[in-house]
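> Let me give you the structure first, and then I'll get to my questions.
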Amino acid sequence: MISFDSININLPQIDFEKIILWLDETAASFQKIIGKINYIFCDDAEILRINRQFLNHDYFTDIITFDYSHKKRISGDIIISVETVSSNSKKYGESYENELLRVIVHGVLHLCGIKDKTPEERMEMERNENTALQLWQKISELK
């Protein structure tokens, strides 16, 4: 089950039904099934507070993923700062929607075991994000 909530902001205007289908299919491509995933969309102040409190990091980020997965069932809390997503979309020359979709799937990819600490891992993560975004395009065309 995937849930969507927000802190200090309104929920993004996206098709959550399609998002759930897309994330289910993305997880299945890694032979994983979705358990309980909580997406929490917030502002920069909230993600900074969470970063400081739980990770001892004193900086903004677009996403924080807390992984509670067990074996093939992926579960977790995924916190996304829509303010950082917006500034990153401008920085990278992407539309806000495409950048938001990339970050949304990034969290599920972490829960599927994809890491991004080293340059090689970041390349692998980006490749998987791009594959997932192609799947999003296919799902969007069908619905």
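Letters A, B, ... mark the chains of the structure tokens in the order given; residue numbers begin at 1 per chain; ligand numbers begin at 1, in order shown.
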For region 59-80 of chain A versus region 91-100 of chain A, which residues have an atom no more than 12 Å away, and what is each residue's nearest atom pair and distance in Å rounded to one decimal, using only C-alpha atoms, chain-then-number order, as CSV?


residue,atom,partner,partner_atom,distance
A:Asp62,CA,A:Leu100,CA,9.3
A:Ile63,CA,A:Leu100,CA,10.2
A:Ile80,CA,A:Leu100,CA,8.8

> Can you list every residue in region 40-79 of chain A that DSSP puts in helix (DSSP H, G or I), as a ChimeraX atom specification?

/A:44-55

> Dump C-alpha atoms for the selected residues as a PDB file, in the first residue's frame?


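Written file, out36.pdb:
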ATOM      1  CA  ASP A  44      12.758  22.763   2.618  1.00  0.00           C
ATOM      2  CA  ALA A  45      12.440  23.685   6.302  1.00  0.00           C
ATOM      3  CA  GLU A  46      10.852  20.314   7.118  1.00  0.00           C
ATOM      4  CA  ILE A  47      13.339  18.202   5.162  1.00  0.00           C
ATOM      5  CA  LEU A  48      16.208  20.110   6.787  1.00  0.00           C
ATOM      6  CA  ARG A  49      14.689  19.401  10.235  1.00  0.00           C
ATOM      7  CA  ILE A  50      14.399  15.677   9.398  1.00  0.00           C
ATOM      8  CA  ASN A  51      17.918  15.624   7.948  1.00  0.00           C
ATOM      9  CA  ARG A  52      19.318  17.172  11.134  1.00  0.00           C
ATOM     10  CA  GLN A  53      17.252  15.099  13.568  1.00  0.00           C
ATOM     11  CA  PHE A  54      17.625  11.643  12.026  1.00  0.00           C
ATOM     12  CA  LEU A  55      20.767  11.770   9.877  1.00  0.00           C
TER      13      LEU A  55
END

> Can you pull out the residues contacting Ile20 (chain A)? Cut-off 10 Å, using only C-alpha atoms, and skip same-chain residues under 3 positions away; I want them as a VMD selection string.

chain A and resid 1 to 3 15 to 17 23 to 26 34

> What is the distance, in Å and to one decimal place, between CA of Leu109 (chain A) and CA of Ile40 (chain A)?

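Between CA of Leu109 (chain A) and CA of Ile40 (chain A) the gap works out to 16.5 Å.
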
> Find the distance between CA of Val103 (chain A) and CA of Glu126 (chain A) and write it in Å to one decimal.

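These two atoms are separated by 10.7 Å.
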
> Please determine, counting only C-alpha atoms, which residue among A:Asp5, A:Lys138, A:His106, A:Arg122 has the shortest atom-to-atom distance to Tyr39 (chain A).

A:Asp5

> Of the residues A:Val105, A:Val85, A:Ile33, A:Cys42, which is the one nearest to Ile9 (chain A), using only C-alpha atoms?

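Closest to Ile9 (chain A), using only C-alpha atoms: A:Cys42.
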
> So what do you get for CA of Ile7 (chain A) versus CA of Asp43 (chain A), distance-wise?

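Those two atoms sit 7.3 Å apart.
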
> Can you list, as a list of chain:residue names, every protein, DNA or RNA residue that comes within 12 Å of Asn128 (chain A) when you count only C-alpha atoms, leaving out same-chain residues fewer than 4 positions away?

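With the cut-off at 12 Å, the set is A:Thr26, A:Ala27, A:Ser29, A:Phe30, A:Arg102, A:Val103, A:Val105, A:His106, A:Gly107, A:Val108, A:Leu109, A:His110, A:Cys112, A:Gly113, A:Ile114, A:Lys115, A:Asp116, A:Glu121, A:Arg122, A:Met123, A:Glu124, A:Ala132, A:Leu133, A:Gln134, A:Leu135.
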
> Would you write out those residues with N, CA and C atoms, as a compact mmCIF listing (two decimals), in the first residue's frame?


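Everything below was put into out.txt:
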# COMPACT_ATOMS: atom_id res chain seq x y z
N THR A 26 7.57 -0.89 -11.32
CA THR A 26 9.00 -0.67 -11.13
C THR A 26 9.55 -1.65 -10.10
N ALA A 27 8.87 -1.79 -8.97
CA ALA A 27 9.31 -2.74 -7.94
C ALA A 27 9.33 -4.16 -8.49
N SER A 29 9.91 -5.14 -11.42
CA SER A 29 11.05 -5.34 -12.31
C SER A 29 12.31 -5.75 -11.54
N PHE A 30 12.31 -5.54 -10.22
CA PHE A 30 13.40 -5.97 -9.34
C PHE A 30 12.99 -7.19 -8.51
N ARG A 102 11.13 11.72 -11.21
CA ARG A 102 12.46 11.12 -10.99
C ARG A 102 12.72 10.91 -9.50
N VAL A 103 12.39 11.89 -8.70
CA VAL A 103 12.64 11.79 -7.27
C VAL A 103 11.70 10.76 -6.63
N VAL A 105 10.45 8.05 -7.98
CA VAL A 105 10.92 6.69 -8.27
C VAL A 105 12.28 6.43 -7.63
N HIS A 106 13.06 7.46 -7.43
CA HIS A 106 14.37 7.33 -6.78
C HIS A 106 14.22 6.66 -5.41
N GLY A 107 13.20 7.07 -4.67
CA GLY A 107 12.96 6.47 -3.35
C GLY A 107 12.66 4.99 -3.43
N VAL A 108 11.81 4.60 -4.38
CA VAL A 108 11.48 3.17 -4.55
C VAL A 108 12.72 2.39 -5.00
N LEU A 109 13.53 2.99 -5.86
CA LEU A 109 14.75 2.31 -6.29
C LEU A 109 15.68 2.06 -5.10
N HIS A 110 15.77 3.03 -4.18
CA HIS A 110 16.55 2.79 -2.96
C HIS A 110 15.98 1.60 -2.20
N CYS A 112 14.47 -0.85 -3.36
CA CYS A 112 14.76 -2.06 -4.14
C CYS A 112 16.24 -2.45 -4.06
N GLY A 113 17.04 -1.65 -3.39
CA GLY A 113 18.44 -1.99 -3.18
C GLY A 113 19.44 -1.21 -4.01
N ILE A 114 18.98 -0.26 -4.82
CA ILE A 114 19.90 0.54 -5.63
C ILE A 114 20.49 1.64 -4.75
N LYS A 115 21.80 1.74 -4.77
CA LYS A 115 22.51 2.73 -3.96
C LYS A 115 23.01 3.86 -4.86
N ASP A 116 23.48 4.96 -4.22
CA ASP A 116 23.98 6.09 -5.02
C ASP A 116 25.08 6.88 -4.31
N GLU A 121 27.78 3.91 -8.46
CA GLU A 121 26.42 3.69 -7.98
C GLU A 121 25.47 4.76 -8.49
N ARG A 122 25.94 6.01 -8.53
CA ARG A 122 25.10 7.10 -9.05
C ARG A 122 24.75 6.87 -10.52
N MET A 123 25.72 6.38 -11.29
CA MET A 123 25.45 6.07 -12.70
C MET A 123 24.40 4.97 -12.82
N GLU A 124 24.51 3.95 -11.98
CA GLU A 124 23.55 2.85 -11.98
C GLU A 124 22.16 3.36 -11.56
N ALA A 132 12.88 3.61 -15.48
CA ALA A 132 11.58 3.78 -14.83
C ALA A 132 10.79 4.92 -15.47
N LEU A 133 11.46 5.99 -15.85
CA LEU A 133 10.76 7.11 -16.49
C LEU A 133 10.23 6.71 -17.87
N GLN A 134 10.94 5.82 -18.57
CA GLN A 134 10.42 5.29 -19.83
C GLN A 134 9.16 4.46 -19.58
N LEU A 135 9.15 3.69 -18.50
CA LEU A 135 7.96 2.93 -18.12
C LEU A 135 6.82 3.88 -17.80

> Could you pull the residues within 9 Å of Phe41 (chain A), counting only C-alpha atoms, minus those fewer than 3 positions along the same chain, as a list of chain:residue names?

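What passes the distance filter is A:Phe4, A:Asp5, A:Ser6, A:Ile7, A:Asn8, A:Ile9, A:Asn10, A:Leu11, A:Pro12, A:Ile78, A:Ile79, A:Ile80, A:Ser81, A:Val82.
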
> Need to verify the contact set: Asp77 (chain A), 8 Å, only C-alpha atoms, exclusion of same-chain residues closer than 2 positions in sequence. Can you return it as a PyMOL selection string?

chain A and resi 37-40+65-68+75+79

> Can you pull out every residue within 12 Å of Gln137 (chain A), counting only C-alpha atoms, but drop anything in the same chain fewer than 6 positions away, and send it as an NGL selection string?

:A and (18-19 or 22 or 98 or 101 or 130-131 or 143)

> What residues in region 44-137 of chain A get the DSSP label strand (DSSP E or B)? Please answer as an MDAnalysis selection string.

chainID A and resid 63:67 70 73:81

> Write the residues of the preceding selection, restricted to C-alpha atoms, as a PDB file, in the first residue's frame.


ATOM      1  CA  ILE A  63      14.654  13.203  -0.836  1.00  0.00           C
ATOM      2  CA  ILE A  64      15.257  11.154   2.274  1.00  0.00           C
ATOM      3  CA  THR A  65      14.366   7.459   2.259  1.00  0.00           C
ATOM      4  CA  PHE A  66      13.916   5.440   5.438  1.00  0.00           C
ATOM      5  CA  ASP A  67      14.022   1.756   4.489  1.00  0.00           C
ATOM      6  CA  HIS A  70      12.122  -7.152   4.566  1.00  0.00           C
ATOM      7  CA  ARG A  73       8.577  -6.798   0.424  1.00  0.00           C
ATOM      8  CA  ILE A  74       9.713  -3.180   0.211  1.00  0.00           C
ATOM      9  CA  SER A  75       8.468  -0.684   2.767  1.00  0.00           C
ATOM     10  CA  GLY A  76       9.572   2.710   3.938  1.00  0.00           C
ATOM     11  CA  ASP A  77       9.006   6.386   4.509  1.00  0.00           C
ATOM     12  CA  ILE A  78      10.018   8.630   1.618  1.00  0.00           C
ATOM     13  CA  ILE A  79      10.213  12.347   2.361  1.00  0.00           C
ATOM     14  CA  ILE A  80      10.422  14.715  -0.615  1.00  0.00           C
ATOM     15  CA  SER A  81      11.042  18.462  -0.499  1.00  0.00           C
TER      16      SER A  81
END
